[in-house]
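Everything below concerns the one structure shown next.
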Amino acid sequence: MAGDSRVLMDHNMEIGVTPAQVKKLPKHLREAQISTERTHLISDPAKKPRQRYVQKDGKCNVHHGNVQETYRYLSDLFTTLVDLRWRLSLFIFTLVYVVNWLFFGFLWWLIALIRGDLVHADEEGWTPCVENLNSFVSAFLFSIETETTIGYGYRVITEKCPEGIILLLVQAILGSIVNAMMVGCMFVKISQPKNRAETLMFSHNAVISVRDNKMCLMFRVGDLRNSHIVEASIRAKLIRSQQTKEGEFIPLNQTDINIGFDTGDDRLFLVSPLIISHEINEKSPFWEMSLAQMEKEEFEIVVILEGMVEATGMTCQARSSYLDTEVLWGHRFTPVLSLEKGFYEVDYNNFHDVYETNTPTCSAKEMAAKLRDGPLLPQLSLLSPEERERERERGDRHNQSSQQHIFHTMKHN
């Protein structure tokens with residue numbers, strides 16, 4: 001019975017579900033912890049801060065300099081306008097309309113000048129091209145009225161002005177094209193899905209600990225909105241400079257980190273916060289890294305979450321990164337999901353919280369070799385027999401209280 005309780009407790013801890021009346025951490029973890037060599041933060045105070053490749057908010061810290069072929073930006077003018085900053089976009093939006101109105105206003109004034117409407121406008125029997133157009137200002141106002149289809153009725157084109165009719169058609173067509181491009185740019189810019197990424201959260205730190213006798217690198221993701229990300233998927237890259245056997249230096253080399261691509265675990269149902277796990281095996285770049293070796297390494301882990309926004313159907317991408325100083329060795333994430341009456345509640349106050357857990361300081365390769373030599377529980381292997389027995393008793397007590405609370409909650413429901 002005690003063995004079944006321990007299995008259920010481990011399962012509940014993995015999915016992050018805890019009863020509402022029980023505190024987020026197990027009792028034996030809420031007690032005062034004594035710092036040992038088994039649990040470490042990979043953060044050396046002597047290390048100098050490094051430049052990020054990707055910022056915490058997802059912005060890529062890369063600037064393109066000495067670009068000679070700038071004409072390429074004009075070949076995709078629409079995307080160039082959308083990518084501009086807001087203040088520059090608003091300036092260009094206003095400038096395009098004002099210049100367009102001034103240009104056609106000048107043409108209307110020029111027609112009136114050539115026909116002599118500005119001189120003979122007050123004469124009886126004279127039919128002007130545009131009635132009540134007697135200056136450049138009035139021509140400019142008529143241009144605005146024509147293109148925006150306001151039609152106040154004071155200035156109107158007459159049928160005895162063929163050149164004016166042709167100009168009216170040209171302005172109507174070009175004005176529609178300008179409206180389509182400018183309004184389209186503003187609409188796309190406003191509805192860009194990158195604003196949706198502001199409500200997608202990544203944990204401040206990544207952690208390394210043991211899961212099912214396997215060393216794992218983990219981080220947590222969450223979605224603050226009730227409208228979900230459809231077809232969500234996640235991937236990770238290790239950014240680290242390396243030197244080949246031939247002596248070639250590759251700066252910021254990118255290596256894939258498998259977080260479930262072959263098993264389908266990279267496709268997420270992101271209704272509540274999830275802990276994304278990378279198993280450190282033979283194919284992992286961390287396979288031969290121990291705690292001591294990792295403290296000397298300089299690397300960055302970039303995580304990318306992609307999916308479609310449920311409300312608009314547009315593809316959204318959220319990014320974040322973890323430097324080597326932001327990886328916690330020998331830690332786990334605090335559960336954030338609790339069982340309430342009739343629903344599950346997510347406590348985002350604990351989203352970034354972690355707690356220490358007993359984890360070997362050797363590499364995953366060395367730990368796998370020890371497991372092959374004989375049965376080994378990594379989470380208890382470094383404890384004395386007395387401490388091991390106390391851990392089991394505390395786990396049994398915590399699991400029994402969890403089962404009782406869930407039973408009473410289901411009974412009330």
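Numbering starts fresh at 1 for the residues of each chain in the structure tokens, the chains themselves are lettered A, B, ... in the order given, and ligands are numbered from 1 as they appear.
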Selection: 8 Å around Val230 (chain A), only C-alpha atoms, excl. self and same-chain fewer than 6 positions, as a PyMOL selection string: chain A and resi 307-310
Helix (DSSP H, G or I) positions in region 99-158 of chain A, given as a VMD selection string: chain A and resid 99 to 115 117 to 120 136 to 147
Writing out the chosen residues with N, CA, C and O atoms as a short mmCIF file (atom, residue, chain, number, x, y, z; two decimals), in the first residue's frame:
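Result written to result-v6.cif:
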data_model
loop_
_atom_site.label_atom_id
_atom_site.label_comp_id
_atom_site.auth_asym_id
_atom_site.auth_seq_id
_atom_site.Cartn_x
_atom_site.Cartn_y
_atom_site.Cartn_z
N VAL A 99 0.56 64.17 -49.79
CA VAL A 99 1.22 64.36 -51.08
C VAL A 99 0.29 64.03 -52.23
O VAL A 99 0.24 64.73 -53.26
N ASN A 100 -0.48 62.96 -52.07
CA ASN A 100 -1.43 62.57 -53.12
C ASN A 100 -2.49 63.66 -53.34
O ASN A 100 -2.82 64.02 -54.48
N TRP A 101 -3.02 64.20 -52.25
CA TRP A 101 -4.03 65.27 -52.38
C TRP A 101 -3.42 66.53 -52.99
O TRP A 101 -4.05 67.19 -53.82
N LEU A 102 -2.20 66.88 -52.55
CA LEU A 102 -1.54 68.06 -53.10
C LEU A 102 -1.25 67.89 -54.59
O LEU A 102 -1.41 68.84 -55.39
N PHE A 103 -0.83 66.69 -54.98
CA PHE A 103 -0.49 66.46 -56.39
C PHE A 103 -1.73 66.62 -57.28
O PHE A 103 -1.69 67.35 -58.30
N PHE A 104 -2.83 66.00 -56.93
CA PHE A 104 -4.04 66.12 -57.74
C PHE A 104 -4.68 67.50 -57.60
O PHE A 104 -5.31 68.00 -58.54
N GLY A 105 -4.52 68.13 -56.44
CA GLY A 105 -4.97 69.52 -56.30
C GLY A 105 -4.23 70.44 -57.25
O GLY A 105 -4.83 71.36 -57.85
N PHE A 106 -2.91 70.19 -57.40
CA PHE A 106 -2.13 70.98 -58.34
C PHE A 106 -2.61 70.76 -59.78
O PHE A 106 -2.68 71.71 -60.57
N LEU A 107 -2.95 69.52 -60.14
CA LEU A 107 -3.43 69.23 -61.49
C LEU A 107 -4.77 69.91 -61.75
O LEU A 107 -5.00 70.46 -62.86
N TRP A 108 -5.67 69.91 -60.76
CA TRP A 108 -6.95 70.61 -60.93
C TRP A 108 -6.73 72.12 -61.08
O TRP A 108 -7.38 72.78 -61.90
N TRP A 109 -5.84 72.65 -60.31
CA TRP A 109 -5.53 74.09 -60.42
C TRP A 109 -4.90 74.40 -61.76
O TRP A 109 -5.19 75.44 -62.37
N LEU A 110 -4.02 73.49 -62.25
CA LEU A 110 -3.36 73.71 -63.53
C LEU A 110 -4.37 73.69 -64.68
O LEU A 110 -4.28 74.51 -65.63
N ILE A 111 -5.36 72.80 -64.63
CA ILE A 111 -6.40 72.76 -65.66
C ILE A 111 -7.20 74.07 -65.66
O ILE A 111 -7.50 74.66 -66.71
N ALA A 112 -7.55 74.52 -64.44
CA ALA A 112 -8.30 75.78 -64.34
C ALA A 112 -7.48 76.95 -64.85
O ALA A 112 -8.00 77.86 -65.51
N LEU A 113 -6.17 76.95 -64.60
CA LEU A 113 -5.31 78.03 -65.07
C LEU A 113 -5.19 78.02 -66.59
O LEU A 113 -5.27 79.07 -67.25
N ILE A 114 -5.01 76.85 -67.18
CA ILE A 114 -4.84 76.76 -68.63
C ILE A 114 -6.15 77.13 -69.34
O ILE A 114 -6.14 77.81 -70.39
N ARG A 115 -7.28 76.71 -68.80
CA ARG A 115 -8.57 77.02 -69.42
C ARG A 115 -8.99 78.48 -69.19
O ARG A 115 -9.90 78.97 -69.86
N ASP A 117 -10.12 79.58 -66.24
CA ASP A 117 -11.21 79.64 -65.27
C ASP A 117 -10.90 80.59 -64.12
O ASP A 117 -11.81 81.19 -63.53
N LEU A 118 -9.61 80.74 -63.78
CA LEU A 118 -9.25 81.62 -62.66
C LEU A 118 -9.48 83.09 -63.01
O LEU A 118 -9.69 83.91 -62.10
N VAL A 119 -9.46 83.41 -64.32
CA VAL A 119 -9.63 84.80 -64.75
C VAL A 119 -11.09 85.10 -65.07
O VAL A 119 -11.60 86.17 -64.72
N HIS A 120 -11.76 84.16 -65.74
CA HIS A 120 -13.13 84.42 -66.23
C HIS A 120 -14.20 83.77 -65.35
O HIS A 120 -15.33 83.62 -65.81
N PHE A 136 -5.68 77.93 -55.65
CA PHE A 136 -5.04 76.64 -55.37
C PHE A 136 -5.64 75.99 -54.13
O PHE A 136 -5.76 74.76 -54.06
N VAL A 137 -6.02 76.79 -53.15
CA VAL A 137 -6.61 76.23 -51.93
C VAL A 137 -7.92 75.54 -52.26
O VAL A 137 -8.20 74.43 -51.78
N SER A 138 -8.75 76.17 -53.08
CA SER A 138 -10.01 75.55 -53.45
C SER A 138 -9.78 74.29 -54.29
O SER A 138 -10.52 73.30 -54.18
N ALA A 139 -8.72 74.29 -55.11
CA ALA A 139 -8.38 73.09 -55.89
C ALA A 139 -7.92 71.96 -54.97
O ALA A 139 -8.26 70.79 -55.18
N PHE A 140 -7.17 72.31 -53.93
CA PHE A 140 -6.72 71.32 -52.95
C PHE A 140 -7.91 70.73 -52.20
O PHE A 140 -8.00 69.50 -51.99
N LEU A 141 -8.86 71.56 -51.81
CA LEU A 141 -10.05 71.08 -51.12
C LEU A 141 -10.89 70.19 -52.04
O LEU A 141 -11.44 69.17 -51.59
N PHE A 142 -10.98 70.56 -53.32
CA PHE A 142 -11.73 69.73 -54.26
C PHE A 142 -11.06 68.37 -54.46
O PHE A 142 -11.73 67.34 -54.62
N SER A 143 -9.73 68.35 -54.43
CA SER A 143 -9.00 67.09 -54.54
C SER A 143 -9.30 66.17 -53.35
O SER A 143 -9.51 64.96 -53.52
N ILE A 144 -9.34 66.74 -52.14
CA ILE A 144 -9.67 65.95 -50.96
C ILE A 144 -11.10 65.42 -51.05
O ILE A 144 -11.36 64.23 -50.77
N GLU A 145 -12.03 66.29 -51.45
CA GLU A 145 -13.43 65.88 -51.55
C GLU A 145 -13.61 64.77 -52.58
O GLU A 145 -14.40 63.84 -52.39
N THR A 146 -12.87 64.85 -53.69
CA THR A 146 -13.01 63.85 -54.74
C THR A 146 -12.47 62.50 -54.29
O THR A 146 -13.12 61.47 -54.48
N GLU A 147 -11.29 62.50 -53.68
CA GLU A 147 -10.65 61.23 -53.34
C GLU A 147 -11.31 60.56 -52.14
O GLU A 147 -11.36 59.33 -52.05
#
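Every residue of region 14-214 of chain A with a DSSP assignment of strand (DSSP E), taken from the backbone, is listed as A:Val17, A:Thr18, A:Pro19, A:His40, A:Leu41, A:Leu200, A:Met201, A:Phe202, A:Ala206, A:Val207, A:Ile208, A:Ser209, A:Val210, A:Arg211, A:Lys214.
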Option closest in space to Asp353 (chain A), from A:Lys245, A:His331, A:Lys160, A:Arg319 [counting only C-alpha atoms]: A:His331
Distance query Ser290 (chain A) at most 8 Å, only C-alpha atoms, self and fewer than 6 positions along chain excluded, as number ranges by chain: A: 361-364
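When only C-alpha atoms are used to compute distances to Arg196 (chain A), the closest of the residues A:Ser241, A:Gln317, A:Asn281, A:Ser209 turns out to be A:Gln317.
Using only C-alpha atoms, the smallest distance between any of A:Leu167, A:Ile276, A:Val67, A:Met181 and Leu81 (chain A) comes from A:Met181.
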Distance of CA of Thr149 (chain A) from CA of Phe187 (chain A), expressed in Å to one decimal place: 21.4 Å
Residue nearest Pro193 (chain A) - candidates A:Met215, A:Ile250, A:Val130, A:Ile229, atoms counted: only C-alpha atoms: A:Ile229
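Take CA of His204 (chain A) and CA of Glu326 (chain A): the distance between them is 7.6 Å.
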